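Undergrad: I'd like to ask some things about the structure below.
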Amino acid sequence: MEEKTTQEKIEQLKAELEKARSELYVLYEISNAMRTSLKLEDVLYIILTGVTAHAGLGFNRAMLFLVNEKENIVEGKIGIGPHTGEEANRIWKQIEAEKNTLDDLIENYKTSDKMADSQLNRLVVSLKLHLDERNGGVISLSILENMPMHISQEIISQYASDPLLQRIHMEEFAIVPLRTKDKVIGTIVVDNPFNKKPITKDEIRILTMFANQAGLAIENSQLYEQTVLQAQTDSLTKLWNHGYFQYALQEEVKKAKENNTSVSLILLDMDNFKELNDALGHQVGDQVLKDIAQIIKDYCRKLDYACRYGGEEFAVVLPQANKKESYLIAERIRQAIEKYHFYDKESAEKKNSISIGVATFPENSIQDKTGLLSFADKALYEAKHSGKNKTCIYNG
């Protein structure tokens with residue numbers, strides 16, 4: 001075999017240099033994009049857009065999983081990419097026609113109603129895997145061993161019973177860990193089911209470099225959201241605090257106006273709470289407030305905002321709830337509190353009760369947040385001054 005000439009060596013080095021420059025540019029562009037938001041939902045979308053976009057790493061599909069340390073599981077968070085060949089062709093033709101850059105795709109996401117609920121995304125989000133090698137499959141193995149994995153066509157039959165492949169069909173795929181400074185917090189999974197392009201060692205290397213940056217971006221986002229949550233949460237009851245209550249009420253009234261729907265407000269006030277504190281002490285009083293808060297959360301819907309209004313008062317903002325629905329929820333809360341034993345065995349015969357006022361927008365000529373709050377307060381006043389332990393609806 002003839003030895004390469006000096007010119008051929010130079011050309012090879014130029015090609016390698018150009019390839020490295022191109023790779024670094026892509027990583028630089030995606031890294032910059034990840035800095036445009038601290039919201040976890042946005043960051044996850046930007047990461048997978050960078051992995052799948054033609055202007056990014058260019059895989060057909062990408063899925064992202066994060067570790068839930070409390071439950072010791074791995075949860076699917078987001079999946080981006082077509083589910084069928086027809087869908088893939090349609091998306092690629094649209095991208096080619098619109099000449100979308102990575103920035104364009106991200107900007108479109110931020111100004112739209114977020115990511116469409118694709119079939120792939122629904123499948124990914126439904127996945128919850130045990131964080132152990134035996135039951136969690138290759139995703140858990142990659143996390144626990146902190147190593148990239150390439151499951152090629154030649155060996156994929158060995159993984160037929162893997163929980164990931166049981167739900168999502170793949171012929172070849174790669175997994176890379178999402179690392180932070182001191183631990184692995186999840187994985188990215190990629191494949192090319194539509195153009196059938198084999199996944200190369202170089203691509204896994206670049207994807208791994210990118211995943212190291214992505215892991216740090218996710219960690220920063222999680223820390224930011226924890227800080228925001230703490231600032232908006234009541235420290236004793238873990239409900240939304242008064243400031244967030246005012247914000248949520250205003251936003252939901254605004255949405256109800258725009259969409260011609262209802263929003264209800266429930267105000268709740270503990271009966272005889274001062275006497276309880278005087279008789280049993282503030283520690284018992286605090287525990288009662290915590291128990292009340294948990295009951296309120298248990299009987300609310302997922303979309304409701306359960307808040308501590310102040311002192312022994314609570315509030316629940318109920319989007320898309322009419323007068324009848326909000327009254328039923330309020331009554332369930334009241335009855336649950338009436339039956340609940342709040343103290344230790346020695347004081348078990350002592351029970352607490354709560355008075356509740358309910359108002360609904362746009363009924364009763366309510367025009368804004370202030371009116372809704374005022375009318376719910378009047379209904380609560382009626383409940384307090386007509387015997388306590390009851391739910392009253394504002395009827396003008």
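Ordered as shown in the structure tokens, chains take letters A, B, and onward, while each chain numbers its residues from 1 and ligands are numbered from 1 in the order shown.
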Excluding Asn212 of chain A and any residue of its chain fewer than 4 positions from it, enumerate the residues within 9 Å of it, using only C-alpha atoms, and give them as a list in words.

TA: Pro177, Leu178, Arg179, Thr180, Leu207, Thr208, Leu216 and Ala217 of chain A

Undergrad: Run DSSP on the backbone and give me the residues of segment 129-366 of chain A it puts in strand (DSSP E), as a PyMOL selection string.

TA: chain A and resi 129-130+149-151+173-179+184-191+263-270+305-310+313-319+354-361

Undergrad: Can you tell me, as a PyMOL selection string, which residues in segment 152-363 of chain A count as alpha helix (DSSP H) by DSSP?

TA: chain A and resi 163-167+201-231+242-259+273-280+282-299+323-339

Undergrad: Between A:Val51, A:Asn68, A:Leu141, A:Tyr299, which has the minimum distance to Ile337 of chain A (counting only C-alpha atoms)?

TA: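 When distances to Ile337 of chain A are compared using only C-alpha atoms, the smallest one comes from A:Tyr299.
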
Undergrad: Skip Ala359 of chain A itself and residues of its chain fewer than 3 positions away, then list as a PyMOL selection string all residues within 6 Å of it, counting only C-alpha atoms.

TA: chain A and resi 264-265+375-376+394

Undergrad: Suppose we keep all heavy atoms; can you now write the selection as a PDB file, in the first residue's frame?

TA:
```
ATOM      1  N   SER A 264     -64.037  29.947  39.744  1.00  0.00           N
ATOM      2  CA  SER A 264     -64.631  30.111  41.073  1.00  0.00           C
ATOM      3  C   SER A 264     -63.551  30.318  42.119  1.00  0.00           C
ATOM      4  O   SER A 264     -62.384  29.947  41.921  1.00  0.00           O
ATOM      5  CB  SER A 264     -65.481  28.893  41.442  1.00  0.00           C
ATOM      6  OG  SER A 264     -66.630  28.828  40.635  1.00  0.00           O
ATOM      7  N   LEU A 265     -63.967  30.915  43.228  1.00  0.00           N
ATOM      8  CA  LEU A 265     -63.062  31.148  44.354  1.00  0.00           C
ATOM      9  C   LEU A 265     -63.726  30.638  45.623  1.00  0.00           C
ATOM     10  O   LEU A 265     -64.887  30.960  45.905  1.00  0.00           O
ATOM     11  CB  LEU A 265     -62.748  32.634  44.494  1.00  0.00           C
ATOM     12  CG  LEU A 265     -61.940  33.049  45.720  1.00  0.00           C
ATOM     13  CD1 LEU A 265     -60.564  32.392  45.715  1.00  0.00           C
ATOM     14  CD2 LEU A 265     -61.806  34.566  45.794  1.00  0.00           C
ATOM     15  N   PHE A 375     -66.896  39.191  46.803  1.00  0.00           N
ATOM     16  CA  PHE A 375     -68.144  38.416  46.948  1.00  0.00           C
ATOM     17  C   PHE A 375     -67.904  37.097  47.681  1.00  0.00           C
ATOM     18  O   PHE A 375     -68.753  36.646  48.453  1.00  0.00           O
ATOM     19  CB  PHE A 375     -68.754  38.163  45.576  1.00  0.00           C
ATOM     20  CG  PHE A 375     -69.326  39.406  44.938  1.00  0.00           C
ATOM     21  CD1 PHE A 375     -69.598  39.433  43.583  1.00  0.00           C
ATOM     22  CD2 PHE A 375     -69.591  40.546  45.686  1.00  0.00           C
ATOM     23  CE1 PHE A 375     -70.123  40.578  42.979  1.00  0.00           C
ATOM     24  CE2 PHE A 375     -70.114  41.691  45.103  1.00  0.00           C
ATOM     25  CZ  PHE A 375     -70.381  41.711  43.747  1.00  0.00           C
ATOM     26  N   ALA A 376     -66.747  36.457  47.463  1.00  0.00           N
ATOM     27  CA  ALA A 376     -66.422  35.237  48.213  1.00  0.00           C
ATOM     28  C   ALA A 376     -66.274  35.567  49.694  1.00  0.00           C
ATOM     29  O   ALA A 376     -66.694  34.793  50.566  1.00  0.00           O
ATOM     30  CB  ALA A 376     -65.144  34.604  47.677  1.00  0.00           C
ATOM     31  N   TYR A 394     -72.253  33.012  47.331  1.00  0.00           N
ATOM     32  CA  TYR A 394     -72.723  34.389  47.164  1.00  0.00           C
ATOM     33  C   TYR A 394     -73.796  34.435  46.090  1.00  0.00           C
ATOM     34  O   TYR A 394     -73.596  34.012  44.961  1.00  0.00           O
ATOM     35  CB  TYR A 394     -71.564  35.316  46.759  1.00  0.00           C
ATOM     36  CG  TYR A 394     -72.027  36.749  46.595  1.00  0.00           C
ATOM     37  CD1 TYR A 394     -72.220  37.548  47.711  1.00  0.00           C
ATOM     38  CD2 TYR A 394     -72.289  37.269  45.339  1.00  0.00           C
ATOM     39  CE1 TYR A 394     -72.655  38.861  47.580  1.00  0.00           C
ATOM     40  CE2 TYR A 394     -72.729  38.571  45.199  1.00  0.00           C
ATOM     41  CZ  TYR A 394     -72.918  39.349  46.325  1.00  0.00           C
ATOM     42  OH  TYR A 394     -73.364  40.660  46.196  1.00  0.00           O
TER      43      TYR A 394
END
```

Undergrad: In terms of the shortest atom-to-atom distance over only C-alpha atoms, which of A:Lys323, A:Lys388, A:Glu382, A:Thr6 is closest to Thr360 of chain A?

TA: A:Lys323

Undergrad: Record the distance separating atom CA of Ala214 of chain A and atom CA of Met149 of chain A, expressed in Å with one decimal.

TA: 17.6 Å

Undergrad: Skip Ala315 of chain A itself and residues of its chain fewer than 3 positions away, then list as a PyMOL selection string all residues within 8 Å of it, counting only C-alpha atoms.

TA: chain A and resi 245+265-268+306-309

Undergrad: Could the residues in this selection be written to a file with all heavy atoms, as a PDB file, in the first residue's frame?

TA:
```pdb
ATOM      1  N   PHE A 245     -51.266  33.505  45.326  1.00  0.00           N
ATOM      2  CA  PHE A 245     -52.732  33.458  45.237  1.00  0.00           C
ATOM      3  C   PHE A 245     -53.257  34.646  44.433  1.00  0.00           C
ATOM      4  O   PHE A 245     -54.091  34.489  43.540  1.00  0.00           O
ATOM      5  CB  PHE A 245     -53.339  33.454  46.641  1.00  0.00           C
ATOM      6  CG  PHE A 245     -54.774  33.889  46.667  1.00  0.00           C
ATOM      7  CD1 PHE A 245     -55.783  33.074  46.163  1.00  0.00           C
ATOM      8  CD2 PHE A 245     -55.120  35.132  47.177  1.00  0.00           C
ATOM      9  CE1 PHE A 245     -57.105  33.488  46.171  1.00  0.00           C
ATOM     10  CE2 PHE A 245     -56.441  35.555  47.191  1.00  0.00           C
ATOM     11  CZ  PHE A 245     -57.440  34.734  46.685  1.00  0.00           C
ATOM     12  N   LEU A 265     -63.967  30.915  43.228  1.00  0.00           N
ATOM     13  CA  LEU A 265     -63.062  31.148  44.354  1.00  0.00           C
ATOM     14  C   LEU A 265     -63.726  30.638  45.623  1.00  0.00           C
ATOM     15  O   LEU A 265     -64.887  30.960  45.905  1.00  0.00           O
ATOM     16  CB  LEU A 265     -62.748  32.634  44.494  1.00  0.00           C
ATOM     17  CG  LEU A 265     -61.940  33.049  45.720  1.00  0.00           C
ATOM     18  CD1 LEU A 265     -60.564  32.392  45.715  1.00  0.00           C
ATOM     19  CD2 LEU A 265     -61.806  34.566  45.794  1.00  0.00           C
ATOM     20  N   ILE A 266     -62.989  29.827  46.366  1.00  0.00           N
ATOM     21  CA  ILE A 266     -63.438  29.342  47.674  1.00  0.00           C
ATOM     22  C   ILE A 266     -62.551  29.984  48.736  1.00  0.00           C
ATOM     23  O   ILE A 266     -61.325  29.892  48.663  1.00  0.00           O
ATOM     24  CB  ILE A 266     -63.323  27.802  47.768  1.00  0.00           C
ATOM     25  CG1 ILE A 266     -64.230  27.123  46.737  1.00  0.00           C
ATOM     26  CG2 ILE A 266     -63.649  27.315  49.162  1.00  0.00           C
ATOM     27  CD1 ILE A 266     -64.041  25.610  46.682  1.00  0.00           C
ATOM     28  N   LEU A 267     -63.166  30.640  49.714  1.00  0.00           N
ATOM     29  CA  LEU A 267     -62.447  31.148  50.884  1.00  0.00           C
ATOM     30  C   LEU A 267     -62.846  30.311  52.093  1.00  0.00           C
ATOM     31  O   LEU A 267     -64.042  30.051  52.315  1.00  0.00           O
ATOM     32  CB  LEU A 267     -62.776  32.620  51.139  1.00  0.00           C
ATOM     33  CG  LEU A 267     -62.226  33.638  50.139  1.00  0.00           C
ATOM     34  CD1 LEU A 267     -62.614  35.058  50.566  1.00  0.00           C
ATOM     35  CD2 LEU A 267     -60.706  33.540  50.008  1.00  0.00           C
ATOM     36  N   LEU A 268     -61.859  29.893  52.872  1.00  0.00           N
ATOM     37  CA  LEU A 268     -62.105  29.007  54.018  1.00  0.00           C
ATOM     38  C   LEU A 268     -61.474  29.619  55.264  1.00  0.00           C
ATOM     39  O   LEU A 268     -60.342  30.103  55.220  1.00  0.00           O
ATOM     40  CB  LEU A 268     -61.499  27.617  53.776  1.00  0.00           C
ATOM     41  CG  LEU A 268     -61.770  26.948  52.419  1.00  0.00           C
ATOM     42  CD1 LEU A 268     -60.653  27.246  51.428  1.00  0.00           C
ATOM     43  CD2 LEU A 268     -61.921  25.436  52.569  1.00  0.00           C
ATOM     44  N   ALA A 306     -54.508  25.634  45.512  1.00  0.00           N
ATOM     45  CA  ALA A 306     -54.793  25.655  46.948  1.00  0.00           C
ATOM     46  C   ALA A 306     -53.774  26.571  47.624  1.00  0.00           C
ATOM     47  O   ALA A 306     -52.567  26.374  47.490  1.00  0.00           O
ATOM     48  CB  ALA A 306     -54.713  24.248  47.530  1.00  0.00           C
ATOM     49  N   CYS A 307     -54.272  27.581  48.340  1.00  0.00           N
ATOM     50  CA  CYS A 307     -53.404  28.636  48.866  1.00  0.00           C
ATOM     51  C   CYS A 307     -53.673  28.890  50.350  1.00  0.00           C
ATOM     52  O   CYS A 307     -54.792  28.688  50.834  1.00  0.00           O
ATOM     53  CB  CYS A 307     -53.639  29.955  48.113  1.00  0.00           C
ATOM     54  SG  CYS A 307     -53.700  29.788  46.316  1.00  0.00           S
ATOM     55  N   ARG A 308     -52.647  29.365  51.043  1.00  0.00           N
ATOM     56  CA  ARG A 308     -52.855  29.896  52.394  1.00  0.00           C
ATOM     57  C   ARG A 308     -53.059  31.405  52.250  1.00  0.00           C
ATOM     58  O   ARG A 308     -52.164  32.133  51.826  1.00  0.00           O
ATOM     59  CB  ARG A 308     -51.654  29.605  53.294  1.00  0.00           C
ATOM     60  CG  ARG A 308     -51.943  30.020  54.749  1.00  0.00           C
ATOM     61  CD  ARG A 308     -50.805  29.693  55.675  1.00  0.00           C
ATOM     62  NE  ARG A 308     -51.149  30.044  57.055  1.00  0.00           N
ATOM     63  CZ  ARG A 308     -50.271  30.029  58.049  1.00  0.00           C
ATOM     64  NH1 ARG A 308     -49.016  29.671  57.821  1.00  0.00           N
ATOM     65  NH2 ARG A 308     -50.647  30.353  59.271  1.00  0.00           N
ATOM     66  N   TYR A 309     -54.240  31.862  52.613  1.00  0.00           N
ATOM     67  CA  TYR A 309     -54.591  33.266  52.435  1.00  0.00           C
ATOM     68  C   TYR A 309     -53.963  34.125  53.523  1.00  0.00           C
ATOM     69  O   TYR A 309     -53.573  35.260  53.297  1.00  0.00           O
ATOM     70  CB  TYR A 309     -56.114  33.410  52.436  1.00  0.00           C
ATOM     71  CG  TYR A 309     -56.613  34.762  52.021  1.00  0.00           C
ATOM     72  CD1 TYR A 309     -56.444  35.218  50.715  1.00  0.00           C
ATOM     73  CD2 TYR A 309     -57.254  35.596  52.929  1.00  0.00           C
ATOM     74  CE1 TYR A 309     -56.903  36.465  50.329  1.00  0.00           C
ATOM     75  CE2 TYR A 309     -57.714  36.842  52.555  1.00  0.00           C
ATOM     76  CZ  TYR A 309     -57.538  37.273  51.253  1.00  0.00           C
ATOM     77  OH  TYR A 309     -57.982  38.512  50.875  1.00  0.00           O
TER      78      TYR A 309
END
```

Undergrad: Go through A:Leu236, A:Leu229, A:Ile139, A:Leu328 and flag the residue nearest Asp286 of chain A, using only C-alpha atoms for the distances.

TA: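 Of A:Leu236, A:Leu229, A:Ile139, A:Leu328, the one nearest Asp286 of chain A, counting only C-alpha atoms, is A:Leu236.
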
Undergrad: Which residue out of A:Ser374, A:Gln230, A:His242, A:Leu223 has the minimum interatomic distance to Leu38 of chain A when only C-alpha atoms are used?

TA: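 Answer, going by the shortest atom-to-atom distance: A:Leu223.
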
Undergrad: Take atom CA of Pro362 of chain A and atom CA of Glu325 of chain A and report the distance between them in Å, one decimal.

TA: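 Between atom CA of Pro362 of chain A and atom CA of Glu325 of chain A the gap works out to 14.5 Å.
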
Undergrad: Would you please work out which residue, of A:Val43, A:Leu373, A:Lys390, A:Thr237, is nearest to Gln213 of chain A when using only C-alpha atoms?

TA: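 Counting only C-alpha atoms, the residue closest to Gln213 of chain A is A:Val43.
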
Undergrad: Quick check, in Å to one decimal: how far apart do atom CA of Lys128 of chain A and atom CA of Arg61 of chain A lie?

TA: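 Interatomic distance, atom CA of Lys128 of chain A to atom CA of Arg61 of chain A: 19.3 Å.
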
Undergrad: Between A:Leu239, A:Gly136, A:Thr261, A:Ala330, which is the closest to Lys297 of chain A once you count only C-alpha atoms?

TA: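 With only C-alpha atoms as the atom set, the closest residue is A:Leu239.
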
Undergrad: I'd like the contact shell of Asp291 of chain A - 12 Å cut-off, only C-alpha atoms, skipping same-chain residues fewer than 3 positions apart - returned as number ranges by chain.

TA: A: 236-239, 270, 284-288, 294-298, 312, 333, 336-337, 340-343, 352

Undergrad: Neighbours of Lys339 of chain A within 10 Å (only C-alpha atoms; same-chain residues fewer than 5 positions away dropped), as a list in words?

TA: Arg334, Lys351, Asn352 and Ser353 of chain A

Undergrad: Those residues with all heavy atoms, as a short mmCIF file (atom, residue, chain, number, x, y, z; two decimals), in the first residue's frame please?

TA:
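again.cif, written as the output of this step:
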```cif
data_model
loop_
_atom_site.label_atom_id
_atom_site.label_comp_id
_atom_site.auth_asym_id
_atom_site.auth_seq_id
_atom_site.Cartn_x
_atom_site.Cartn_y
_atom_site.Cartn_z
N ARG A 334 -65.29 20.73 53.59
CA ARG A 334 -65.88 21.04 54.91
C ARG A 334 -66.23 19.77 55.67
O ARG A 334 -65.94 19.63 56.87
CB ARG A 334 -67.14 21.90 54.72
CG ARG A 334 -67.74 22.40 56.05
CD ARG A 334 -69.12 22.97 55.87
NE ARG A 334 -70.07 21.98 55.42
CZ ARG A 334 -70.62 21.06 56.21
NH1 ARG A 334 -70.29 20.97 57.50
NH2 ARG A 334 -71.47 20.18 55.72
N LYS A 351 -62.90 18.11 67.86
CA LYS A 351 -62.83 18.23 66.41
C LYS A 351 -62.82 19.70 66.04
O LYS A 351 -63.13 20.57 66.84
CB LYS A 351 -64.02 17.53 65.76
CG LYS A 351 -64.03 16.02 65.96
CD LYS A 351 -65.20 15.40 65.23
CE LYS A 351 -65.24 13.89 65.43
NZ LYS A 351 -66.37 13.27 64.73
N ASN A 352 -62.45 19.95 64.79
CA ASN A 352 -62.47 21.31 64.27
C ASN A 352 -63.48 21.42 63.16
O ASN A 352 -63.88 20.42 62.55
CB ASN A 352 -61.09 21.69 63.72
CG ASN A 352 -60.12 21.99 64.83
OD1 ASN A 352 -60.34 22.91 65.61
ND2 ASN A 352 -59.05 21.22 64.91
N SER A 353 -63.88 22.64 62.88
CA SER A 353 -64.76 22.89 61.74
C SER A 353 -64.26 24.11 60.99
O SER A 353 -63.40 24.84 61.46
CB SER A 353 -66.21 23.10 62.22
OG SER A 353 -66.30 24.27 63.01
#
```
